[in-house]
Structure formats: structure tokens, C-alpha cells
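Novice: One file: structure-v8.pdb (PDB, C-alpha atoms).
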ATOM      1  CA  MET A   1     135.865 -93.615 -97.500
ATOM      2  CA  ALA A   2     139.292 -92.498 -98.753
ATOM      3  CA  GLY A   3     140.290 -95.843-100.224
ATOM      4  CA  ARG A   4     136.926 -96.588-101.866
ATOM      5  CA  VAL A   5     137.070 -97.311-105.604
ATOM      6  CA  PRO A   6     134.720 -95.084-107.553
ATOM      7  CA  PRO A   7     131.843 -96.830-109.311
ATOM      8  CA  PHE A   8     132.364 -98.118-112.797
ATOM      9  CA  GLY A   9     131.912 -95.370-115.439
ATOM     10  CA  ALA A  10     132.529 -92.458-113.057
ATOM     11  CA  ALA A  11     136.039 -91.828-114.388
ATOM     12  CA  SER A  12     134.883 -91.858-117.993
ATOM     13  CA  SER A  13     131.969 -89.541-117.119
ATOM     14  CA  SER A  14     134.328 -87.068-115.472
ATOM     15  CA  LYS A  15     136.653 -87.254-118.424
ATOM     16  CA  SER A  16     133.827 -86.605-120.907
ATOM     17  CA  ASP A  17     132.685 -83.640-118.818
ATOM     18  CA  THR A  18     136.206 -82.258-118.927
ATOM     19  CA  VAL A  19     136.321 -82.638-122.712
ATOM     20  CA  SER A  20     132.930 -80.955-123.076
ATOM     21  CA  ILE A  21     134.034 -78.000-120.937
ATOM     22  CA  ALA A  22     137.272 -77.707-122.885
ATOM     23  CA  LEU A  23     135.355 -77.602-126.184
ATOM     24  CA  GLY A  24     132.948 -75.012-124.857
ATOM     25  CA  ALA A  25     129.891 -77.261-125.199
ATOM     26  CA  PRO A  26     127.329 -77.451-122.366
ATOM     27  CA  THR A  27     127.571 -80.550-120.210
ATOM     28  CA  PRO A  28     124.431 -82.666-120.687
ATOM     29  CA  SER A  29     122.557 -83.638-117.585
ATOM     30  CA  ALA A  30     121.351 -87.127-116.848
ATOM     31  CA  GLY A  31     118.484 -88.155-119.064
ATOM     32  CA  SER A  32     118.711 -85.060-121.258
ATOM     33  CA  ARG A  33     118.468 -85.339-125.044
ATOM     34  CA  PRO A  34     121.301 -84.247-127.355
ATOM     35  CA  PRO A  35     120.896 -80.915-129.099
ATOM     36  CA  THR A  36     118.969 -81.008-132.359
ATOM     37  CA  SER A  37     120.016 -77.716-133.911
ATOM     38  CA  PHE A  38     123.256 -76.055-134.874
ATOM     39  CA  SER A  39     124.714 -73.724-132.280
ATOM     40  CA  SER A  40     126.637 -70.787-133.720
ATOM     41  CA  SER A  41     128.132 -69.997-130.309
ATOM     42  CA  THR A  42     129.757 -73.389-129.863
ATOM     43  CA  GLY A  43     130.333 -74.203-133.531
ATOM     44  CA  ILE A  44     129.278 -77.813-132.907
ATOM     45  CA  MET A  45     126.836 -79.471-135.246
ATOM     46  CA  PRO A  46     125.184 -82.731-134.155
ATOM     47  CA  VAL A  47     125.133 -85.703-136.436
ATOM     48  CA  GLY A  48     122.171 -85.681-138.813
ATOM     49  CA  SER A  49     121.749 -81.912-138.935
ATOM     50  CA  PHE A  50     122.528 -79.718-141.937
ATOM     51  CA  PRO A  51     123.962 -76.193-141.874
ATOM     52  CA  SER A  52     121.712 -73.338-142.854
ATOM     53  CA  ALA A  53     124.209 -72.191-145.470
ATOM     54  CA  VAL A  54     123.167 -75.080-147.658
ATOM     55  CA  GLY A  55     119.453 -75.088-147.116
ATOM     56  CA  ASN A  56     118.477 -75.832-143.525
ATOM     57  CA  LEU A  57     115.739 -73.246-143.608
ATOM     58  CA  GLY A  58     113.495 -74.411-140.834
ATOM     59  CA  SER A  59     112.868 -77.035-138.239
ATOM     60  CA  ARG A  60     109.999 -78.563-140.139
ATOM     61  CA  SER A  61     110.914 -82.115-141.104
ATOM     62  CA  GLY A  62     108.609 -83.434-143.791
ATOM     63  CA  SER A  63     107.942 -87.002-144.637
ATOM     64  CA  GLY A  64     109.467 -88.014-147.938
ATOM     65  CA  MET A  65     106.535 -90.280-148.637
ATOM     66  CA  SER A  66     103.885 -87.569-148.329
ATOM     67  CA  ARG A  67     102.402 -85.953-151.395
ATOM     68  CA  SER A  68     103.666 -82.609-152.624
ATOM     69  CA  SER A  69     100.148 -81.215-152.474
ATOM     70  CA  SER A  70     100.213 -81.369-148.682
ATOM     71  CA  ARG A  71     103.362 -79.203-148.647
ATOM     72  CA  LEU A  72     102.164 -76.703-151.247
ATOM     73  CA  PRO A  73     100.132 -74.439-148.890
ATOM     74  CA  GLU A  74     103.140 -74.083-146.577
ATOM     75  CA  TYR A  75     105.343 -73.346-149.581
ATOM     76  CA  VAL A  76     102.985 -70.622-150.814
ATOM     77  CA  ARG A  77     102.638 -69.153-147.321
ATOM     78  CA  ARG A  78     106.402 -68.737-147.042
ATOM     79  CA  LEU A  79     106.408 -66.801-150.316
ATOM     80  CA  GLY A  80     104.878 -63.891-148.434
ATOM     81  CA  SER A  81     107.505 -63.913-145.686
ATOM     82  CA  TYR A  82     110.903 -62.538-146.669
ATOM     83  CA  ALA A  83     112.393 -63.540-143.304
ATOM     84  CA  ALA A  84     111.518 -67.193-143.997
ATOM     85  CA  MET A  85     113.513 -67.275-147.237
ATOM     86  CA  ASP A  86     117.233 -67.855-147.706
ATOM     87  CA  THR A  87     117.974 -65.512-150.610
ATOM     88  CA  ASP A  88     121.745 -65.990-150.371
ATOM     89  CA  PHE A  89     121.451 -69.709-151.028
ATOM     90  CA  ALA A  90     118.975 -69.091-153.853
ATOM     91  CA  LEU A  91     121.437 -66.722-155.538
ATOM     92  CA  TRP A  92     124.201 -69.298-155.014
ATOM     93  CA  GLN A  93     122.041 -71.821-156.864
ATOM     94  CA  MET A  94     121.414 -69.416-159.735
ATOM     95  CA  VAL A  95     125.116 -68.766-160.214
ATOM     96  CA  HIS A  96     125.984 -72.459-160.211
ATOM     97  CA  LEU A  97     123.116 -73.370-162.527
ATOM     98  CA  VAL A  98     125.047 -71.442-165.160
ATOM     99  CA  CYS A  99     128.630 -72.499-164.413
ATOM    100  CA  ALA A 100     128.272 -75.843-162.558
ATOM    101  CA  PRO A 101     124.681 -77.169-162.610
ATOM    102  CA  SER A 102     125.629 -80.612-161.297
ATOM    103  CA  ARG A 103     126.543 -79.064-157.924
ATOM    104  CA  VAL A 104     123.007 -77.762-157.516
ATOM    105  CA  TRP A 105     121.532 -81.193-158.107
ATOM    106  CA  ARG A 106     123.959 -82.747-155.614
ATOM    107  CA  MET A 107     122.487 -80.341-153.081
ATOM    108  CA  ALA A 108     119.058 -81.759-153.943
ATOM    109  CA  LYS A 109     120.327 -85.203-152.911
ATOM    110  CA  PHE A 110     121.552 -83.806-149.597
ATOM    111  CA  HIS A 111     118.184 -82.145-149.083
ATOM    112  CA  ARG A 112     116.467 -85.493-149.661
ATOM    113  CA  GLN A 113     118.666 -87.131-147.032
ATOM    114  CA  THR A 114     118.168 -84.424-144.403
ATOM    115  CA  LYS A 115     114.612 -83.204-145.016
ATOM    116  CA  GLY A 116     113.010 -86.388-146.350
ATOM    117  CA  GLN A 117     111.845 -84.736-149.594
ATOM    118  CA  TRP A 118     113.309 -83.829-152.948
ATOM    119  CA  ALA A 119     111.490 -80.542-153.356
ATOM    120  CA  ARG A 120     112.758 -77.307-151.863
ATOM    121  CA  ASP A 121     110.822 -76.102-148.848
ATOM    122  CA  ASP A 122     112.232 -72.612-149.365
ATOM    123  CA  PRO A 123     110.499 -70.536-152.105
ATOM    124  CA  ALA A 124     113.327 -67.975-152.321
ATOM    125  CA  PHE A 125     114.479 -69.237-155.722
ATOM    126  CA  VAL A 126     111.010 -68.874-157.221
ATOM    127  CA  ALA A 127     110.492 -65.478-155.578
ATOM    128  CA  ILE A 128     113.742 -64.093-157.011
ATOM    129  CA  LEU A 129     112.999 -65.552-160.430
ATOM    130  CA  LEU A 130     109.538 -63.960-160.377
ATOM    131  CA  TYR A 131     111.156 -60.634-159.575
ATOM    132  CA  PHE A 132     113.632 -61.011-162.452
ATOM    133  CA  MET A 133     110.825 -61.933-164.836
ATOM    134  CA  THR A 134     108.815 -58.870-163.814
ATOM    135  CA  VAL A 135     111.797 -56.553-164.312
ATOM    136  CA  THR A 136     112.510 -57.963-167.774
ATOM    137  CA  ALA A 137     108.827 -57.664-168.682
ATOM    138  CA  ILE A 138     108.836 -53.979-167.782
ATOM    139  CA  ALA A 139     112.069 -53.490-169.731
ATOM    140  CA  HIS A 140     110.531 -55.102-172.833
ATOM    141  CA  ALA A 141     107.372 -53.008-172.479
ATOM    142  CA  LEU A 142     109.424 -49.819-172.318
ATOM    143  CA  ALA A 143     111.616 -50.849-175.248
ATOM    144  CA  PHE A 144     108.582 -51.478-177.456
ATOM    145  CA  HIS A 145     106.766 -48.347-176.194
ATOM    146  CA  LEU A 146     103.807 -50.244-174.766
ATOM    147  CA  THR A 147     101.356 -48.268-172.661
ATOM    148  CA  GLY A 148      98.150 -48.786-170.717
ATOM    149  CA  THR A 149      96.672 -52.265-170.775
ATOM    150  CA  SER A 150      99.399 -53.547-173.111
ATOM    151  CA  PHE A 151     102.053 -52.517-170.599
ATOM    152  CA  LEU A 152     100.181 -54.158-167.714
ATOM    153  CA  SER A 153      99.428 -57.284-169.724
ATOM    154  CA  LEU A 154     103.062 -57.851-170.642
ATOM    155  CA  SER A 155     104.199 -57.146-167.067
ATOM    156  CA  LEU A 156     101.947 -59.963-165.863
ATOM    157  CA  THR A 157     102.491 -62.330-168.783
ATOM    158  CA  PHE A 158     106.186 -62.939-168.166
ATOM    159  CA  PRO A 159     106.044 -63.941-164.473
ATOM    160  CA  LEU A 160     102.581 -65.500-164.319
ATOM    161  CA  LEU A 161     102.224 -67.198-167.691
ATOM    162  CA  HIS A 162     105.765 -67.867-168.875
ATOM    163  CA  LEU A 163     107.046 -69.022-165.472
ATOM    164  CA  LEU A 164     104.256 -70.125-163.130
ATOM    165  CA  ALA A 165     101.576 -71.383-165.524
ATOM    166  CA  ALA A 166     104.049 -73.029-167.883
ATOM    167  CA  GLY A 167     105.928 -74.502-164.930
ATOM    168  CA  ALA A 168     102.750 -75.942-163.420
ATOM    169  CA  ALA A 169     101.797 -77.504-166.754
ATOM    170  CA  VAL A 170     105.266 -78.974-167.278
ATOM    171  CA  ALA A 171     105.412 -80.307-163.702
ATOM    172  CA  THR A 172     102.005 -81.955-164.048
ATOM    173  CA  ALA A 173     102.846 -83.585-167.373
ATOM    174  CA  THR A 174     106.263 -84.712-166.134
ATOM    175  CA  THR A 175     104.992 -86.335-162.940
ATOM    176  CA  HIS A 176     102.232 -88.184-164.810
ATOM    177  CA  TYR A 177     104.683 -89.443-167.431
ATOM    178  CA  LEU A 178     107.367 -90.559-164.994
ATOM    179  CA  ARG A 179     104.902 -92.287-162.673
ATOM    180  CA  ALA A 180     103.249 -94.048-165.585
ATOM    181  CA  THR A 181     106.579 -95.307-166.951
ATOM    182  CA  LEU A 182     108.150 -96.164-163.591
ATOM    183  CA  PRO A 183     109.295 -99.799-163.669
ATOM    184  CA  PRO A 184     108.176-102.114-160.858
ATOM    185  CA  PRO A 185     110.729-102.564-158.058
ATOM    186  CA  PRO A 186     112.864-105.708-158.316
ATOM    187  CA  THR A 187     111.851-108.491-155.966
ATOM    188  CA  HIS A 188     115.336-109.709-155.072
ATOM    189  CA  SER A 189     117.406-106.564-154.713
ATOM    190  CA  HIS A 190     118.692-104.718-151.675
ATOM    191  CA  THR A 191     119.606-101.620-153.695
ATOM    192  CA  PRO A 192     117.157 -98.755-153.076
ATOM    193  CA  VAL A 193     115.223 -97.818-156.182
ATOM    194  CA  PRO A 194     113.022 -94.755-156.837
ATOM    195  CA  THR A 195     109.332 -95.160-156.148
ATOM    196  CA  ALA A 196     106.285 -93.157-157.179
ATOM    197  CA  ASP A 197     106.600 -91.131-153.975
ATOM    198  CA  ASP A 198     110.003 -89.894-155.129
ATOM    199  CA  ILE A 199     108.358 -88.284-158.149
ATOM    200  CA  GLU A 200     107.024 -85.222-156.341
ATOM    201  CA  TRP A 201     105.014 -82.579-158.170
ATOM    202  CA  LEU A 202     106.717 -79.776-156.270
ATOM    203  CA  TYR A 203     110.129 -81.209-157.134
ATOM    204  CA  ALA A 204     109.081 -81.377-160.800
ATOM    205  CA  PHE A 205     108.276 -77.667-160.530
ATOM    206  CA  ASP A 206     111.710 -77.071-158.972
ATOM    207  CA  VAL A 207     113.332 -78.944-161.849
ATOM    208  CA  HIS A 208     111.485 -76.731-164.323
ATOM    209  CA  CYS A 209     112.520 -73.523-162.537
ATOM    210  CA  ASN A 210     116.158 -74.580-162.254
ATOM    211  CA  ALA A 211     116.327 -75.639-165.896
ATOM    212  CA  PHE A 212     114.476 -72.504-166.965
ATOM    213  CA  PHE A 213     116.934 -70.075-165.373
ATOM    214  CA  PRO A 214     119.777 -70.432-167.949
ATOM    215  CA  ALA A 215     117.169 -70.202-170.716
ATOM    216  CA  PHE A 216     115.797 -67.081-169.045
ATOM    217  CA  LEU A 217     119.219 -65.457-169.180
ATOM    218  CA  ALA A 218     119.563 -66.283-172.881
ATOM    219  CA  ILE A 219     116.077 -65.296-174.084
ATOM    220  CA  TYR A 220     114.935 -62.606-171.671
ATOM    221  CA  VAL A 221     118.270 -60.899-170.979
ATOM    222  CA  VAL A 222     120.868 -61.523-173.713
ATOM    223  CA  GLN A 223     118.311 -61.428-176.521
ATOM    224  CA  TYR A 224     116.834 -58.210-175.100
ATOM    225  CA  PHE A 225     120.124 -56.364-175.474
ATOM    226  CA  LEU A 226     120.606 -57.778-178.987
ATOM    227  CA  LEU A 227     117.109 -56.886-180.227
ATOM    228  CA  PRO A 228     118.363 -53.847-182.221
ATOM    229  CA  LEU A 229     120.640 -56.244-184.101
ATOM    230  CA  PHE A 230     118.060 -58.987-184.551
ATOM    231  CA  LEU A 231     115.194 -56.697-185.569
ATOM    232  CA  GLY A 232     117.385 -54.243-187.460
ATOM    233  CA  GLY A 233     115.053 -51.325-186.996
ATOM    234  CA  GLY A 234     116.135 -49.387-183.973
ATOM    235  CA  GLY A 235     119.007 -48.347-181.789
ATOM    236  CA  ALA A 236     122.352 -48.921-183.423
ATOM    237  CA  ALA A 237     120.742 -50.240-186.599
ATOM    238  CA  ALA A 238     118.841 -47.002-187.113
ATOM    239  CA  ALA A 239     122.046 -45.002-186.758
ATOM    240  CA  ALA A 240     124.001 -47.124-189.218
ATOM    241  CA  SER A 241     125.129 -45.732-192.543
ATOM    242  CA  GLY A 242     123.284 -46.495-195.746
ATOM    243  CA  ALA A 243     125.930 -48.896-196.963
ATOM    244  CA  ALA A 244     125.971 -50.824-193.686
ATOM    245  CA  ALA A 245     122.178 -50.970-193.645
ATOM    246  CA  ALA A 246     122.147 -52.310-197.199
ATOM    247  CA  ALA A 247     124.684 -54.981-196.251
ATOM    248  CA  THR A 248     122.536 -55.974-193.302
ATOM    249  CA  ARG A 249     119.524 -56.389-195.597
ATOM    250  CA  THR A 250     121.445 -58.760-197.864
ATOM    251  CA  GLY A 251     123.958 -61.370-196.752
ATOM    252  CA  SER A 252     124.307 -60.177-193.167
ATOM    253  CA  LYS A 253     120.593 -60.605-192.560
ATOM    254  CA  ALA A 254     120.921 -64.380-192.887
ATOM    255  CA  VAL A 255     123.842 -64.381-190.448
ATOM    256  CA  VAL A 256     121.876 -62.345-187.914
ATOM    257  CA  ARG A 257     118.937 -64.721-188.263
ATOM    258  CA  TRP A 258     121.253 -67.692-187.742
ATOM    259  CA  VAL A 259     122.692 -66.114-184.587
ATOM    260  CA  GLY A 260     119.200 -65.504-183.193
ATOM    261  CA  ASN A 261     118.080 -69.055-183.945
ATOM    262  CA  SER A 262     121.275 -70.433-182.398
ATOM    263  CA  LEU A 263     120.600 -68.436-179.238
ATOM    264  CA  TRP A 264     117.218 -70.119-178.969
ATOM    265  CA  LEU A 265     118.768 -73.515-179.625
ATOM    266  CA  GLY A 266     121.296 -72.941-176.841
ATOM    267  CA  ALA A 267     118.533 -71.880-174.443
ATOM    268  CA  TRP A 268     116.496 -74.979-175.287
ATOM    269  CA  GLY A 269     119.545 -77.224-174.911
ATOM    270  CA  ALA A 270     120.288 -75.755-171.471
ATOM    271  CA  TYR A 271     116.682 -76.371-170.402
ATOM    272  CA  VAL A 272     116.717 -79.963-171.630
ATOM    273  CA  TYR A 273     120.065 -80.707-169.987
ATOM    274  CA  GLY A 274     118.949 -79.148-166.700
ATOM    275  CA  THR A 275     115.782 -81.239-166.733
ATOM    276  CA  PHE A 276     117.830 -84.376-167.346
ATOM    277  CA  LEU A 277     120.160 -83.600-164.436
ATOM    278  CA  GLY A 278     117.226 -82.950-162.129
ATOM    279  CA  TRP A 279     115.653 -86.342-162.673
ATOM    280  CA  GLU A 280     118.945 -88.184-162.904
ATOM    281  CA  ALA A 281     119.616 -87.022-159.346
ATOM    282  CA  VAL A 282     116.511 -88.968-158.277
ATOM    283  CA  GLY A 283     117.941 -92.067-159.934
ATOM    284  CA  LEU A 284     115.301 -92.512-162.636
ATOM    285  CA  GLU A 285     116.270 -94.507-165.691
ATOM    286  CA  ARG A 286     113.738 -92.558-167.755
ATOM    287  CA  ALA A 287     115.690 -89.351-167.161
ATOM    288  CA  THR A 288     117.521 -89.959-170.428
ATOM    289  CA  ASP A 289     114.197 -89.603-172.259
ATOM    290  CA  PHE A 290     114.417 -85.854-171.778
ATOM    291  CA  LEU A 291     117.636 -85.742-173.799
ATOM    292  CA  TRP A 292     115.583 -86.561-176.870
ATOM    293  CA  GLY A 293     114.118 -83.096-176.466
ATOM    294  CA  GLY A 294     117.532 -81.712-177.353
ATOM    295  CA  VAL A 295     117.600 -83.815-180.515
ATOM    296  CA  LEU A 296     114.135 -82.547-181.400
ATOM    297  CA  GLY A 297     115.223 -78.958-180.813
ATOM    298  CA  ALA A 298     118.258 -79.397-183.055
ATOM    299  CA  GLY A 299     116.024 -80.782-185.808
ATOM    300  CA  VAL A 300     113.634 -77.828-185.537
ATOM    301  CA  TRP A 301     116.578 -75.424-185.583
ATOM    302  CA  LEU A 302     117.990 -77.008-188.725
ATOM    303  CA  LEU A 303     114.648 -77.156-190.504
ATOM    304  CA  GLY A 304     113.755 -73.610-189.502
ATOM    305  CA  GLY A 305     117.090 -72.330-190.776
ATOM    306  CA  LEU A 306     116.569 -74.020-194.134
ATOM    307  CA  LEU A 307     113.064 -72.553-194.452
ATOM    308  CA  GLY A 308     114.181 -69.066-193.439
ATOM    309  CA  GLY A 309     112.513 -69.055-190.020
ATOM    310  CA  ASP A 310     113.413 -66.328-187.542
ATOM    311  CA  ALA A 311     112.833 -67.350-183.919
ATOM    312  CA  VAL A 312     113.460 -63.867-182.523
ATOM    313  CA  ARG A 313     110.949 -62.138-184.802
ATOM    314  CA  MET A 314     108.380 -64.873-184.206
ATOM    315  CA  TRP A 315     108.791 -64.469-180.451
ATOM    316  CA  CYS A 316     108.464 -60.673-180.600
ATOM    317  CA  ARG A 317     105.382 -60.944-182.801
ATOM    318  CA  TRP A 318     103.765 -63.484-180.463
ATOM    319  CA  VAL A 319     104.658 -61.813-177.165
ATOM    320  CA  MET A 320     104.802 -58.104-177.951
ATOM    321  CA  GLY A 321     102.613 -58.070-181.031
ATOM    322  CA  VAL A 322     105.260 -56.318-183.172
TER     323      VAL A 322
END
Could you write out this file's structure as C-alpha cells?
Specialist:
Amino acid sequence: MAGRVPPFGAASSSKSDTVSIALGAPTPSAGSRPPTSFSSSTGIMPVGSFPSAVGNLGSRSGSGMSRSSSRLPEYVRRLGSYAAMDTDFALWQMVHLVCAPSRVWRMAKFHRQTKGQWARDDPAFVAILLYFMTVTAIAHALAFHLTGTSFLSLSLTFPLLHLLAAGAAVATATTHYLRATLPPPPTHSHTPVPTADDIEWLYAFDVHCNAFFPAFLAIYVVQYFLLPLFLGGGGAAAAASGAAAAATRTGSKAVVRWVGNSLWLGAWGAYVYGTFLGWEAVGLERATDFLWGGVLGAGVWLLGGLLGGDAVRMWCRWVMGV
């Protein structure tokens, strides 16, 4: 009938359809569910989703209350699939761990809100770090003229022992300590507080890897290029004049040793600070306990300097056997 009033809601439905068509979004049919993934063709992101550029690496939504051990097999499986890893985001994290580490830990909070877990479900960061460790191991083996089993042993020691084994040990000790010292939740408080389920083993391993990366740059990269200076027996040191070599063996030797020890102190301080930021992001009061590690490192640095200790030579003797 021409004069019949349309049913209530029909005008608003037509108007919403018009807006949807104007925006380029598909018009939902009756009873259909809203989209649950980002559409690059429309540029529309539904509420609750997270763009892939900042870590939305899969549709798997884990439960934040589940143990990290249940996610570990999936994590290891994705290590063997390059297509399942977001290397661009991992490199972004590495850059900002050096210049702005707090931004990386803010991303961990966003990941907790969107994925229900603190730990990364993308192993790209670990895979790239393993690659870097292997390259530096080969470079050290070539610089010290290692061959045969010594070459192979060093090539495996850096990535497997220094990164994975040490990281697993640190993650295990950290989770046990933090869970044992976690205070009971307040009875009359509506403010969310961290629980034992927030202290994930896999996240503790992520914290170790993130905090280890600046130390890796200092010890495995910067120190490598300064080894002729620190050891004073090869490269530029071997080509120095007799007078310069004599000066190096006297007063300059103490300065070189101080520079090497300070490099180790800076690497240790970066690791301690990164560990603190990682657990502060979870909201743990005991995160400040890790800062005492920096005080301990400064004490060792001071005592070692007074006793004539040389961290670089000790490290080369322990790792390379020279």
C-alpha cells in the first residue's frame, strides 16, 4: 500500500546498508556474524582484533591461564616454518631493544590483551638470534684459526649453549623464584593483580632473549672487532711500531683492560635492565629484585679492576681456549 508506514527499524537498516556500501564493506546478512579478521581490501579492522604488523601472527587464540608447556610444541613446530614467522616484526623488536626497549615491552602488554598470553607465539625473534649467534661463532672460529672439531664445537656452543641452554636455565630459575615469592591476592580489592598463571615459562624465556640481545651486540659483535686491541697480539697491534707496542705494555695496558671490563659491565647492565622491564610489564612487585643484579655486577667490576682482572681475556680463554 502506497501510504503504509514502513516497519520500525527499516529506515535505520537501509541507512546502515547505505553507509556500508559507501565504505566499501560487505553488507551483513541477517543472522550473520561480524568479521573476525582484518581485511586488507576494505581496510576495516573489527574491534578486538590486532594488526599483523604488530604481532597478529595467526588465528590461534590461546588461553592466558594455560601453562606454557602446552604451547611449547606449537612454538617449536613453527621454528621450522619460515612462512609462519614474522621476521619484519622481530627485526623491529631488535632495533627498539637497543634504542627504546620500553616500547617492546608495551607490545607485550598488547599481546597479553589480544592473545591471552604474555609469551610470543611467533619464534621469529629466537630464530634470527640463533642465526646471528651461529654467524658470530663462525667468525670467532675463523679469527682464532680453529679447525676440525674445535671449529664445529664453537659453532654449536654459541647458539645452543650460550643462548638456548642458558636461556632455559634462567627461565626455569626465574619462574620458580617469582612464583615462590608471589604475594597472595588481596581479599578486598577490585584492581587486577598478577597471578601464578601470569608467570609463564615461555615468557620468562622471551624476557631472557630480549634482554640478551643488547648484551649479544656488546660481547659477540663489538668485542669481536676490538679483540686485536684487547688481546694486543694480532691485527693492528702486530703492525704497531716498537714504541707504541711498549707503551701498550705499560700504562696503556691498564686502560685497555678497563675498557674491556667496562664493556662487560655495560652488557650486564643492559641485560639486568631488560629483565627488569620484562617483568615490570607483568606488574610484579618483585621485578625490582633484578636491579640488584646490576649492583652486584658493578661490585664485581670494581673488585676485578682493583685485582687486575681482565674479563675479555678470561672469556677468550674459557670459550676459545686461547
Novice: Could you please determine the separation between atom CA of Leu307 of chain A and atom CA of Pro228 of chain A in Å, to one decimal place?
Specialist: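 Between these atoms lies a distance of 23.0 Å.
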Novice: Smallest atom-to-atom distance to His208 of chain A: which of A:Leu229, A:Val126, A:Leu182, A:Val256, using all atoms listed in the file?
Specialist: A:Val126
Novice: With distances taken over all atoms listed in the file, which residue among A:Ala270, A:Glu285, A:Glu200, A:Pro101 lies nearest Gln117 of chain A?
Specialist: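 Residue with the minimum atom-to-atom distance to Gln117 of chain A: A:Glu200.
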Novice: Restricting the calculation to all atoms listed in the file: of A:Val259, A:Val95, A:Ala139, A:Ala124, which residue gets closest to Val312 of chain A?
Specialist: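 Closest candidate: A:Val259.
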Novice: Just how far from atom CA of Leu231 of chain A is atom CA of Ala311 of chain A, in Å to one decimal?
Specialist: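 Atom CA of Leu231 of chain A lies 11.0 Å from atom CA of Ala311 of chain A.
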Novice: Given the PyMOL selection byres ((chain A and resi 103-108) around 7) and the file above, list the residues it selects as a ChimeraX atom specification.
Specialist: /A:93,96-97,100-102,109-112,118,277-278,281
Novice: Expanded to explicit residues, what is the PyMOL selection byres ((chain A and resi 217) around 12) for this file, as a ChimeraX atom specification?
Specialist: /A:94-95,97-98,129,132-133,136,210-216,218-225,263-264,266-268,270-271
Novice: Excluding Leu302 of chain A and its own-chain neighbours fewer than 6 positions away, which residues fall within 12 Å of it when counting all atoms listed in the file? Please give them as an mmCIF file with C-alpha atoms, in the frame of the given file.
Specialist:
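Result file out_11.cif:
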data_model
loop_
_atom_site.group_PDB
_atom_site.id
_atom_site.type_symbol
_atom_site.label_atom_id
_atom_site.label_comp_id
_atom_site.auth_asym_id
_atom_site.auth_seq_id
_atom_site.Cartn_x
_atom_site.Cartn_y
_atom_site.Cartn_z
ATOM 1 C CA TRP A 258 121.253 -67.692 -187.742
ATOM 2 C CA ASN A 261 118.080 -69.055 -183.945
ATOM 3 C CA SER A 262 121.275 -70.433 -182.398
ATOM 4 C CA TRP A 264 117.218 -70.119 -178.969
ATOM 5 C CA LEU A 265 118.768 -73.515 -179.625
ATOM 6 C CA VAL A 295 117.600 -83.815 -180.515
ATOM 7 C CA LEU A 296 114.135 -82.547 -181.400
ATOM 8 C CA GLY A 308 114.181 -69.066 -193.439
ATOM 9 C CA GLY A 309 112.513 -69.055 -190.020
ATOM 10 C CA ASP A 310 113.413 -66.328 -187.542
ATOM 11 C CA ALA A 311 112.833 -67.350 -183.919
#
Novice: When you draw a straight line from atom CA of Ala180 of chain A to atom CA of Ala166 of chain A, how long is it in Å?
Specialist: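 Atom CA of Ala166 of chain A lies at a distance of 21.2 Å from atom CA of Ala180 of chain A.
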Novice: Which of these residues is nearest to Leu202 of chain A, using only C-alpha atoms: A:Leu146, A:Ala298, A:Ala119, A:Leu226?
Specialist: A:Ala119
Novice: Neighbouring residues of Thr87 of chain A were defined as those with any atom within 10 Å, considering only C-alpha atoms; residues of the same chain fewer than 4 positions away were excluded. Please report them as a ChimeraX atom specification.
Specialist: /A:82-83,91-93,122-125,127-128
Novice: For Val207 of chain A, which residue among A:Ala165, A:Val300, A:Leu130, A:Val272 is the nearest when counting all atoms listed in the file?
Specialist: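 The closest residue to Val207 of chain A is A:Val272.
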